[in-house]
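In what follows, a structure is listed as structure tokens, so that the remarks can point back to it.
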Amino acid sequence: MTALLTDLNPEQLEAVTWPHQSALILAGAGSGKTRVLTTRIAYLLQSGLTQPQNLLAVTFTNKAAREMVARISTMLPINIRGMWIGTFHGLCHRMLRAHYEDAGLPQAFQILDMADQLAVIKRILKERSLDEKVLAPRQLQWFINNAKEEGLRASQVDTRGSFNRTLAECYQVYEAVSMRGGTVDFAELLLRCYELLSRNEILRDHYRGRFEHILVDEFQDTNRLQYQWIKLLAGSGSQQHAAIFAVGDDDQSIYAFRGAHVGNMRDLEKDFSVPKIIRLEQNYRSQGNILDAANALIENNKGRLGKNLWTAAGKGESVRIYYAATDVDETSFIVDEIKALHAEGLSLSEIALLYRSNAQSRVLEHGLFNASISYRVYGGMRFFDRQEVKHALAYLRLVASPDDDNALLRVINFPPRGIGARTLEQLQDQAEILGTSLWQAALKVCEGRKAVTTRGDQPGRGIAGFVNLVLSMQQACEGQPLPEIIRRVVDQSGLVAHYQAEREGNNERLENLKELVNAATSFVHEAEDDSLTAFLAHASLEGGEHQAEGYQDAVQLMTVHAAKGLEFHSVFISGLEEGLFPHENSRNEPNGLEEERRLMYVAMTRARQRLYLSYAESRMLHGQVRVNVPSRFVDEIPEELLKRLRSSGFSGAGYRQGLSGTGQNTVSTAYSRQGRGKHTPVSAAVRVAPQGLNTAGLHIGQQVSHTKFGTGTIVNYEGNGSDMRVQVNFHQTGTKWLSLTYAKLVPL
């Protein structure tokens, strides 16, 4: 027992040796959460306070469950096979297998994964003749799973309005299909198990009598139904038998979009009369300045349980913040710093590049590729390998050369246009007989049926519809610059409409499609040959040459969500601009800004020794230059913790030059501070450094007035002399390209 408790700090020791009553362990980032949880289990067993069969431990991933079992096994000489350790889904599955009759399931019931569930939903929509443009399969899938996670059956969901009634009816059909087929989806496992325990008092008392201790990892990520399931097993009030040992961190609750309910932590404290919250605040990962910066940031959130991370490792280096002129300049800085760190002996795998959304990885991947630095996209795919990007590239390949069989096979029925496997098989047979490409065979088939319309006509369905679509795209793209070709193909192909109709994951896919236009715009500026063919070759070459394989040393690229639970020597957080991080969608969500701040807190606390924050004054978004203001999160970090850097091309947009008390040059945000976290923008329109257009006193960043569109800011230009066009971001009507010869812009 002495060896088991050795080297625990006072708070860890208090948590591990807590008596038989419920506890809430507020475990900060890098505070030894996993060690406390596994040591608590080992302590209970070794001291004889409980037996393996009387203990249940819940995790969120199978990997975490396996790690927990492995750690406990090394701590104890006893057999722990009787212990229930697993995920919510795994434990519910185990319970339903044991009591399938009471749960109303066949003995050999099968589990549907997400792909299988989606296939069932597609069949239901087809049988009911519901157009996927009206009700997308993924939207219905999200609705069903979300309802189940709220504990609602089809008969209990809101049916006000015709669309809600349609959703409820489809949910009811889905339930009937699942019952007939003897299948359960992931959400059903938990709901069915909860319903079983709710109505079967004998079973409920059996499990309450069995489990004396219920330990829950990552408690801040539990949804409402998961918490209700835990309450049923533990009992409450005079019926409470099990002691709940919940470990979590409300400051790291970043999965609200998956249904996580951070309020469960407060509810646990009240529902189980937790006498004291044990706070694990000593951090064993990061140096002092990093922790002080993270603490200062998260203090701006309201309603926290409250904690303050500290370390005995010393202050360490200042947090570096880089103000770049452009996103390309930001990437160049990051690449140069990576080279320097690697030259000092740091492994590439100890360096992480974090970003808010996947679309931001494209410019970073491009910079690493050009610098011949190996990288790995963690928990995701390389930009040019993502499904929606591959679909768009396939359409572009057909525009460039319709005889490309691989490209044709990829998108001939995506988005769906009624081309089945049998039709495709017949087309392939025809191509083999004729000795031609699939495209030529398709032309022949349509020609025989007189089904090919003239160019410009609206494409239809089937083979003829696909042929007409490709022909119309080729016509629309003739003579157009590369970014415009991609913009038109992405839209005309139906990809944008298809992903807009999907409820789940559509924003990220749409962002990646828009980022493909940015990739083309950058390519035009960099390449000697800016043709579509050259761009497609570039996409193929850049798609994987420097993507590391296996255990190769490589820089780690990932979204902040994917970084949860990881740590690195040096961390770069890029794109710290309003609208990117915090993400613009957070404005429309309840407590969205606080969730974004927790996400930033998670990102910062991934770093052990070096933390870099970066911001670009102008960034290419959706094929257009956007002028940015810095993220409010930068302003929430105390000045004394920062080491400010800026590029030579930085104009000072939204900033004022200042001089620090130490005599070092600093740049301060042009927000007036009115107490921590409160900001008053100096100007809604941000100026950039004058870049002359060689005409009538106009420059990029210039405020102008137009008789029809109102006032706006010049953000880009192209051409010369009488052919010059300027891109103006008008405050009321958005961004427009105007000819200087005819626009009659008035400088303000």
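In the structure tokens, the first chain shown is A, the next is B, and so on; residue numbers restart at 1 for each chain, and ligands run from 1 in the order shown.
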
Mind checking which residues fall within 8 Å of range 310-319 of chain A, counting only C-alpha atoms, ignoring those fewer than 3 positions away in the same chain, and posting them as an NGL selection string? :A and (281-284 or 286-293 or 609-613 or 641-643)

Taking the backbone alone, and naming residues the way the document does, which bits of range 4-253 of chain A are strand (DSSP E or B) by DSSP, as an MDAnalysis selection string? chainID A and resid 23:27 55:59 84:87 110:112 183:185 213:216 243:248

Who sits within 10 Å of range 88-100 of chain A, only C-alpha atoms, same chain under 6 positions skipped, as a ChimeraX atom specification: /A:56-62,106-109,111,184-194,196-197,203,207,216,222,226,229-230

If DSSP is run on the backbone, what residues of range 351-408 of chain A are alpha helix (DSSP H)? A reply as a VMD selection string would be ideal. chain A and resid 361 to 370 387 to 400 405 to 408

Mind checking which residues fall within 10 Å of Gly380 in chain A, counting only C-alpha atoms, ignoring those fewer than 6 positions away in the same chain, and posting them as a ChimeraX atom specification? /A:358,386,557-559,562

Any chance you could export the current selection's all heavy atoms as a compact mmCIF listing (two decimals), in the first residue's frame?
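The file below, again.txt, is the result:
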# COMPACT_ATOMS: atom_id res chain seq x y z
N ASN A 358 -10.64 22.14 -40.15
CA ASN A 358 -9.79 21.36 -41.06
C ASN A 358 -9.37 22.11 -42.30
O ASN A 358 -8.28 21.88 -42.84
CB ASN A 358 -10.53 20.08 -41.46
CG ASN A 358 -10.16 18.91 -40.57
OD1 ASN A 358 -8.99 18.67 -40.30
ND2 ASN A 358 -11.16 18.19 -40.08
N ARG A 386 -9.25 14.43 -48.86
CA ARG A 386 -10.57 14.44 -48.22
C ARG A 386 -11.66 14.17 -49.23
O ARG A 386 -11.58 14.60 -50.38
CB ARG A 386 -10.78 15.78 -47.50
CG ARG A 386 -9.86 15.91 -46.30
CD ARG A 386 -9.82 17.29 -45.69
NE ARG A 386 -8.72 17.35 -44.72
CZ ARG A 386 -8.19 18.47 -44.26
NH1 ARG A 386 -8.64 19.64 -44.68
NH2 ARG A 386 -7.20 18.43 -43.40
N LEU A 557 -0.16 17.61 -37.50
CA LEU A 557 -1.18 18.60 -37.82
C LEU A 557 -2.53 18.09 -37.35
O LEU A 557 -2.87 16.92 -37.58
CB LEU A 557 -1.24 18.86 -39.33
CG LEU A 557 -0.32 19.92 -39.91
CD1 LEU A 557 1.13 19.48 -39.80
CD2 LEU A 557 -0.67 20.20 -41.36
N MET A 558 -3.32 18.95 -36.71
CA MET A 558 -4.62 18.50 -36.23
C MET A 558 -5.49 19.67 -35.82
O MET A 558 -5.00 20.77 -35.55
CB MET A 558 -4.46 17.55 -35.05
CG MET A 558 -3.88 18.18 -33.80
SD MET A 558 -3.37 16.94 -32.58
CE MET A 558 -1.85 16.34 -33.31
N THR A 559 -6.80 19.42 -35.80
CA THR A 559 -7.72 20.40 -35.22
C THR A 559 -7.54 20.38 -33.70
O THR A 559 -7.01 19.43 -33.13
CB THR A 559 -9.18 20.06 -35.54
OG1 THR A 559 -9.50 18.80 -34.93
CG2 THR A 559 -9.41 19.98 -37.04
N ALA A 562 -9.15 17.42 -32.05
CA ALA A 562 -8.39 16.17 -32.15
C ALA A 562 -7.21 16.15 -31.18
O ALA A 562 -6.70 15.08 -30.84
CB ALA A 562 -7.88 15.98 -33.58

I'd like the contact shell of range 344-351 of chain A - 8 Å cut-off, only C-alpha atoms, skipping same-chain residues fewer than 2 positions apart - returned as a ChimeraX atom specification. /A:338,340-342,353,553-556,568-572

Requested write-out: N, CA and C atoms of the selected residues, as a PDB file, in the first residue's frame:
ATOM      1  N   ILE A 338       9.875  25.755 -37.179  1.00  0.00           N
ATOM      2  CA  ILE A 338       9.989  24.290 -37.122  1.00  0.00           C
ATOM      3  C   ILE A 338      11.391  23.854 -37.537  1.00  0.00           C
ATOM      4  N   ALA A 340      14.112  25.587 -37.275  1.00  0.00           N
ATOM      5  CA  ALA A 340      15.048  25.962 -36.214  1.00  0.00           C
ATOM      6  C   ALA A 340      14.956  24.999 -35.030  1.00  0.00           C
ATOM      7  N   LEU A 341      13.734  24.639 -34.642  1.00  0.00           N
ATOM      8  CA  LEU A 341      13.554  23.703 -33.528  1.00  0.00           C
ATOM      9  C   LEU A 341      14.156  22.344 -33.858  1.00  0.00           C
ATOM     10  N   HIS A 342      13.938  21.898 -35.085  1.00  0.00           N
ATOM     11  CA  HIS A 342      14.472  20.602 -35.505  1.00  0.00           C
ATOM     12  C   HIS A 342      16.002  20.634 -35.551  1.00  0.00           C
ATOM     13  N   LEU A 353       0.941  21.440 -34.934  1.00  0.00           N
ATOM     14  CA  LEU A 353       0.303  22.611 -35.534  1.00  0.00           C
ATOM     15  C   LEU A 353      -1.198  22.437 -35.358  1.00  0.00           C
ATOM     16  N   ASP A 553       9.404  10.109 -38.263  1.00  0.00           N
ATOM     17  CA  ASP A 553       9.389  11.360 -37.527  1.00  0.00           C
ATOM     18  C   ASP A 553       8.670  12.415 -38.355  1.00  0.00           C
ATOM     19  N   ALA A 554       7.654  13.057 -37.785  1.00  0.00           N
ATOM     20  CA  ALA A 554       6.847  13.982 -38.582  1.00  0.00           C
ATOM     21  C   ALA A 554       6.149  14.990 -37.688  1.00  0.00           C
ATOM     22  N   VAL A 555       5.969  16.206 -38.218  1.00  0.00           N
ATOM     23  CA  VAL A 555       5.182  17.232 -37.551  1.00  0.00           C
ATOM     24  C   VAL A 555       3.730  16.772 -37.504  1.00  0.00           C
ATOM     25  N   GLN A 556       3.050  17.056 -36.394  1.00  0.00           N
ATOM     26  CA  GLN A 556       1.668  16.620 -36.213  1.00  0.00           C
ATOM     27  C   GLN A 556       0.712  17.778 -36.506  1.00  0.00           C
ATOM     28  N   PHE A 568       2.702  18.010 -26.406  1.00  0.00           N
ATOM     29  CA  PHE A 568       3.868  18.155 -27.266  1.00  0.00           C
ATOM     30  C   PHE A 568       4.846  19.150 -26.642  1.00  0.00           C
ATOM     31  N   HIS A 569       6.121  19.024 -27.030  1.00  0.00           N
ATOM     32  CA  HIS A 569       7.120  19.986 -26.565  1.00  0.00           C
ATOM     33  C   HIS A 569       6.763  21.391 -27.030  1.00  0.00           C
ATOM     34  N   SER A 570       6.470  21.543 -28.332  1.00  0.00           N
ATOM     35  CA  SER A 570       6.166  22.851 -28.914  1.00  0.00           C
ATOM     36  C   SER A 570       4.848  22.788 -29.663  1.00  0.00           C
ATOM     37  N   VAL A 571       4.006  23.792 -29.438  1.00  0.00           N
ATOM     38  CA  VAL A 571       2.687  23.839 -30.055  1.00  0.00           C
ATOM     39  C   VAL A 571       2.494  25.185 -30.754  1.00  0.00           C
ATOM     40  N   PHE A 572       2.023  25.135 -32.008  1.00  0.00           N
ATOM     41  CA  PHE A 572       1.647  26.327 -32.757  1.00  0.00           C
ATOM     42  C   PHE A 572       0.127  26.354 -32.884  1.00  0.00           C
TER      43      PHE A 572
END

Set the distance at 9 Å and use only C-alpha atoms: which residues neighbour Val363 in chain A once local chain neighbours fewer than 3 positions away are removed? I'd like the list as a PDB file with all heavy atoms, in the first residue's frame.
ATOM      1  N   ASP A 327      -1.691  35.133 -44.541  1.00  0.00           N
ATOM      2  CA  ASP A 327      -1.665  33.735 -44.119  1.00  0.00           C
ATOM      3  C   ASP A 327      -0.440  33.020 -44.673  1.00  0.00           C
ATOM      4  O   ASP A 327       0.088  32.088 -44.038  1.00  0.00           O
ATOM      5  CB  ASP A 327      -2.949  33.018 -44.535  1.00  0.00           C
ATOM      6  CG  ASP A 327      -3.289  33.196 -46.001  1.00  0.00           C
ATOM      7  OD1 ASP A 327      -2.703  34.072 -46.657  1.00  0.00           O
ATOM      8  OD2 ASP A 327      -4.162  32.462 -46.504  1.00  0.00           O
ATOM      9  N   VAL A 328       0.047  33.434 -45.848  1.00  0.00           N
ATOM     10  CA  VAL A 328       1.265  32.837 -46.411  1.00  0.00           C
ATOM     11  C   VAL A 328       2.473  33.199 -45.553  1.00  0.00           C
ATOM     12  O   VAL A 328       3.335  32.354 -45.279  1.00  0.00           O
ATOM     13  CB  VAL A 328       1.464  33.305 -47.866  1.00  0.00           C
ATOM     14  CG1 VAL A 328       2.793  32.779 -48.419  1.00  0.00           C
ATOM     15  CG2 VAL A 328       0.308  32.837 -48.741  1.00  0.00           C
ATOM     16  N   THR A 331       2.409  31.119 -42.412  1.00  0.00           N
ATOM     17  CA  THR A 331       2.912  29.771 -42.667  1.00  0.00           C
ATOM     18  C   THR A 331       4.428  29.761 -42.784  1.00  0.00           C
ATOM     19  O   THR A 331       5.092  28.858 -42.255  1.00  0.00           O
ATOM     20  CB  THR A 331       2.278  29.203 -43.950  1.00  0.00           C
ATOM     21  OG1 THR A 331       0.865  29.114 -43.767  1.00  0.00           O
ATOM     22  CG2 THR A 331       2.825  27.830 -44.275  1.00  0.00           C
ATOM     23  N   ALA A 359     -10.219  23.017 -42.794  1.00  0.00           N
ATOM     24  CA  ALA A 359      -9.891  23.735 -44.028  1.00  0.00           C
ATOM     25  C   ALA A 359      -8.609  24.548 -43.887  1.00  0.00           C
ATOM     26  O   ALA A 359      -7.924  24.825 -44.872  1.00  0.00           O
ATOM     27  CB  ALA A 359     -11.048  24.646 -44.426  1.00  0.00           C
ATOM     28  N   GLN A 360      -8.261  24.945 -42.658  1.00  0.00           N
ATOM     29  CA  GLN A 360      -7.051  25.744 -42.442  1.00  0.00           C
ATOM     30  C   GLN A 360      -5.771  24.954 -42.668  1.00  0.00           C
ATOM     31  O   GLN A 360      -4.697  25.539 -42.795  1.00  0.00           O
ATOM     32  CB  GLN A 360      -7.047  26.312 -41.013  1.00  0.00           C
ATOM     33  CG  GLN A 360      -8.108  27.359 -40.753  1.00  0.00           C
ATOM     34  CD  GLN A 360      -8.164  27.741 -39.285  1.00  0.00           C
ATOM     35  OE1 GLN A 360      -9.129  27.458 -38.589  1.00  0.00           O
ATOM     36  NE2 GLN A 360      -7.122  28.373 -38.800  1.00  0.00           N
ATOM     37  N   HIS A 366       0.758  22.957 -47.525  1.00  0.00           N
ATOM     38  CA  HIS A 366       1.483  23.456 -48.695  1.00  0.00           C
ATOM     39  C   HIS A 366       2.859  23.981 -48.291  1.00  0.00           C
ATOM     40  O   HIS A 366       3.867  23.717 -48.964  1.00  0.00           O
ATOM     41  CB  HIS A 366       0.664  24.560 -49.361  1.00  0.00           C
ATOM     42  CG  HIS A 366       1.269  25.093 -50.625  1.00  0.00           C
ATOM     43  ND1 HIS A 366       1.504  24.312 -51.728  1.00  0.00           N
ATOM     44  CD2 HIS A 366       1.714  26.339 -50.950  1.00  0.00           C
ATOM     45  CE1 HIS A 366       2.043  25.043 -52.688  1.00  0.00           C
ATOM     46  NE2 HIS A 366       2.183  26.283 -52.237  1.00  0.00           N
ATOM     47  N   GLY A 367       2.919  24.730 -47.181  1.00  0.00           N
ATOM     48  CA  GLY A 367       4.192  25.261 -46.709  1.00  0.00           C
ATOM     49  C   GLY A 367       5.162  24.171 -46.294  1.00  0.00           C
ATOM     50  O   GLY A 367       6.360  24.219 -46.607  1.00  0.00           O
ATOM     51  N   LEU A 368       4.653  23.160 -45.604  1.00  0.00           N
ATOM     52  CA  LEU A 368       5.501  22.036 -45.185  1.00  0.00           C
ATOM     53  C   LEU A 368       5.972  21.228 -46.392  1.00  0.00           C
ATOM     54  O   LEU A 368       7.124  20.786 -46.450  1.00  0.00           O
ATOM     55  CB  LEU A 368       4.731  21.141 -44.210  1.00  0.00           C
ATOM     56  CG  LEU A 368       4.392  21.772 -42.858  1.00  0.00           C
ATOM     57  CD1 LEU A 368       3.399  20.903 -42.095  1.00  0.00           C
ATOM     58  CD2 LEU A 368       5.643  21.989 -42.014  1.00  0.00           C
ATOM     59  N   ASN A 518      -9.221  28.644 -52.795  1.00  0.00           N
ATOM     60  CA  ASN A 518      -8.016  29.318 -52.282  1.00  0.00           C
ATOM     61  C   ASN A 518      -6.752  28.653 -52.801  1.00  0.00           C
ATOM     62  O   ASN A 518      -5.778  29.326 -53.153  1.00  0.00           O
ATOM     63  CB  ASN A 518      -7.996  29.281 -50.747  1.00  0.00           C
ATOM     64  CG  ASN A 518      -9.096  30.103 -50.129  1.00  0.00           C
ATOM     65  OD1 ASN A 518      -9.772  30.853 -50.823  1.00  0.00           O
ATOM     66  ND2 ASN A 518      -9.284  29.967 -48.843  1.00  0.00           N
ATOM     67  N   ALA A 519      -6.761  27.325 -52.817  1.00  0.00           N
ATOM     68  CA  ALA A 519      -5.588  26.589 -53.292  1.00  0.00           C
ATOM     69  C   ALA A 519      -5.294  26.962 -54.741  1.00  0.00           C
ATOM     70  O   ALA A 519      -4.135  27.135 -55.135  1.00  0.00           O
ATOM     71  CB  ALA A 519      -5.822  25.082 -53.166  1.00  0.00           C
TER      72      ALA A 519
END

In terms of the shortest atom-to-atom distance over only C-alpha atoms, which of A:Pro19, A:Pro52, A:Gly435, A:Gly104 is closest to Ile85 in chain A? A:Pro52

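Distances from A:Asp102, A:Asp221, A:Glu201, A:Glu127 to Lys564 in chain A were compared using only C-alpha atoms, and the smallest one belongs to A:Asp221.
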
Selection near Arg597 in chain A, 10 Å with only C-alpha atoms, sequence-local residues under 5 positions removed, as a ChimeraX atom specification: /A:251-252,254,294,297-301,581-582,592,602-603,632-633

Since we have the selection now, will you write its residues out, keeping all heavy atoms, as a compact mmCIF listing (two decimals), in the first residue's frame?
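Saved as result00.txt:
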# COMPACT_ATOMS: atom_id res chain seq x y z
N ASP A 251 -13.47 23.02 -17.55
CA ASP A 251 -12.77 23.91 -18.47
C ASP A 251 -12.36 23.21 -19.76
O ASP A 251 -11.92 23.87 -20.72
CB ASP A 251 -11.53 24.51 -17.81
CG ASP A 251 -11.88 25.50 -16.72
OD1 ASP A 251 -12.98 26.09 -16.79
OD2 ASP A 251 -11.08 25.68 -15.79
N GLN A 252 -12.46 21.89 -19.80
CA GLN A 252 -12.11 21.14 -21.01
C GLN A 252 -13.34 20.48 -21.64
O GLN A 252 -13.22 19.51 -22.38
CB GLN A 252 -11.05 20.09 -20.70
CG GLN A 252 -9.71 20.67 -20.28
CD GLN A 252 -8.63 19.62 -20.19
OE1 GLN A 252 -8.09 19.15 -21.18
NE2 GLN A 252 -8.29 19.25 -18.96
N ILE A 254 -15.58 20.40 -24.41
CA ILE A 254 -15.53 20.97 -25.76
C ILE A 254 -16.38 20.17 -26.76
O ILE A 254 -16.21 20.33 -27.96
CB ILE A 254 -14.08 21.05 -26.27
CG1 ILE A 254 -13.43 19.66 -26.31
CG2 ILE A 254 -13.27 22.02 -25.43
CD1 ILE A 254 -12.05 19.64 -26.95
N ALA A 294 -2.99 30.42 -19.85
CA ALA A 294 -4.22 29.63 -19.96
C ALA A 294 -5.19 29.96 -18.83
O ALA A 294 -6.40 30.08 -19.04
CB ALA A 294 -3.88 28.14 -19.95
N LEU A 297 -6.86 33.31 -19.50
CA LEU A 297 -7.85 33.20 -20.57
C LEU A 297 -9.16 32.62 -20.04
O LEU A 297 -10.23 33.20 -20.24
CB LEU A 297 -7.30 32.30 -21.68
CG LEU A 297 -8.29 31.95 -22.79
CD1 LEU A 297 -8.18 32.94 -23.93
CD2 LEU A 297 -8.08 30.53 -23.30
N ILE A 298 -9.09 31.49 -19.35
CA ILE A 298 -10.29 30.76 -18.97
C ILE A 298 -11.06 31.47 -17.84
O ILE A 298 -12.25 31.22 -17.65
CB ILE A 298 -9.95 29.30 -18.57
CG1 ILE A 298 -11.18 28.39 -18.71
CG2 ILE A 298 -9.35 29.25 -17.16
CD1 ILE A 298 -11.68 28.25 -20.13
N GLU A 299 -10.40 32.37 -17.15
CA GLU A 299 -11.08 33.14 -16.10
C GLU A 299 -12.24 33.97 -16.66
O GLU A 299 -13.14 34.37 -15.92
CB GLU A 299 -10.09 34.10 -15.40
CG GLU A 299 -9.23 33.43 -14.35
CD GLU A 299 -8.23 34.41 -13.75
OE1 GLU A 299 -8.33 35.63 -14.05
OE2 GLU A 299 -7.34 33.96 -13.01
N ASN A 300 -12.22 34.23 -17.96
CA ASN A 300 -13.27 35.03 -18.58
C ASN A 300 -14.58 34.27 -18.73
O ASN A 300 -15.61 34.88 -19.06
CB ASN A 300 -12.80 35.54 -19.95
CG ASN A 300 -11.68 36.55 -19.83
OD1 ASN A 300 -11.92 37.71 -19.55
ND2 ASN A 300 -10.45 36.11 -20.03
N ASN A 301 -14.56 32.95 -18.54
CA ASN A 301 -15.80 32.17 -18.59
C ASN A 301 -16.53 32.26 -17.26
O ASN A 301 -15.91 32.23 -16.20
CB ASN A 301 -15.50 30.71 -18.92
CG ASN A 301 -15.42 30.46 -20.42
OD1 ASN A 301 -15.52 31.39 -21.22
ND2 ASN A 301 -15.22 29.21 -20.80
N PHE A 581 -11.23 31.82 -34.95
CA PHE A 581 -11.08 31.29 -33.59
C PHE A 581 -11.13 32.47 -32.62
O PHE A 581 -10.14 33.14 -32.46
CB PHE A 581 -9.74 30.56 -33.47
CG PHE A 581 -9.67 29.54 -32.35
CD1 PHE A 581 -8.51 28.80 -32.14
CD2 PHE A 581 -10.73 29.32 -31.50
CE1 PHE A 581 -8.42 27.86 -31.13
CE2 PHE A 581 -10.66 28.40 -30.46
CZ PHE A 581 -9.50 27.67 -30.29
N PRO A 582 -12.31 32.79 -32.04
CA PRO A 582 -13.52 31.96 -32.01
C PRO A 582 -14.20 31.89 -33.38
O PRO A 582 -14.22 32.86 -34.13
CB PRO A 582 -14.42 32.68 -31.01
CG PRO A 582 -13.95 34.11 -31.05
CD PRO A 582 -12.47 34.04 -31.29
N GLY A 592 -21.92 29.68 -26.91
CA GLY A 592 -20.95 29.29 -27.94
C GLY A 592 -19.58 29.89 -27.73
O GLY A 592 -18.57 29.21 -27.93
N VAL A 602 -7.86 24.33 -24.05
CA VAL A 602 -7.35 22.99 -24.35
C VAL A 602 -6.14 23.08 -25.26
O VAL A 602 -5.13 22.41 -25.05
CB VAL A 602 -8.45 22.12 -24.99
CG1 VAL A 602 -7.87 20.84 -25.58
CG2 VAL A 602 -9.52 21.76 -23.96
N ALA A 603 -6.22 23.92 -26.29
CA ALA A 603 -5.11 24.06 -27.24
C ALA A 603 -3.85 24.54 -26.54
O ALA A 603 -2.75 23.99 -26.74
CB ALA A 603 -5.50 25.04 -28.35
N ARG A 632 -10.14 37.82 -29.87
CA ARG A 632 -10.25 38.40 -28.52
C ARG A 632 -9.45 37.58 -27.51
O ARG A 632 -9.07 38.09 -26.46
CB ARG A 632 -11.72 38.47 -28.11
CG ARG A 632 -12.38 37.12 -27.86
CD ARG A 632 -13.88 37.26 -27.75
NE ARG A 632 -14.46 37.59 -29.03
CZ ARG A 632 -15.68 38.11 -29.17
NH1 ARG A 632 -16.42 38.36 -28.11
NH2 ARG A 632 -16.15 38.39 -30.38
N PHE A 633 -9.21 36.30 -27.84
CA PHE A 633 -8.46 35.46 -26.91
C PHE A 633 -7.03 35.96 -26.71
O PHE A 633 -6.45 35.78 -25.65
CB PHE A 633 -8.45 34.01 -27.41
CG PHE A 633 -9.82 33.39 -27.52
CD1 PHE A 633 -10.05 32.36 -28.42
CD2 PHE A 633 -10.86 33.83 -26.72
CE1 PHE A 633 -11.31 31.79 -28.52
CE2 PHE A 633 -12.13 33.27 -26.82
CZ PHE A 633 -12.35 32.24 -27.72

Just the number, please: distance in Å from CA of Gln21 in chain A to CA of Ala246 in chain A, one decimal. 11.3 Å

Option closest in space to Arg304 in chain A, from A:Val262, A:Leu599, A:Ala242, A:Val247 [counting only C-alpha atoms]: A:Val262

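Candidate residues A:Leu130, A:Ile121, A:Ala23, A:Cys446 were compared for distance to Val173 in chain A, and the nearest is A:Ile121, using only C-alpha atoms.
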
Pick from A:Pro638, A:Ser22, A:Leu740, A:Ile486: nearest to Pro275 in chain A, with only C-alpha atoms counted? A:Ser22

From the list A:Ser522, A:Ala400, A:Asp329, A:Phe257, which residue is nearest Glu589 in chain A when using only C-alpha atoms? A:Phe257

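Atom pair CA of Gln12 in chain A / CA of Leu233 in chain A: separated by 26.3 Å.
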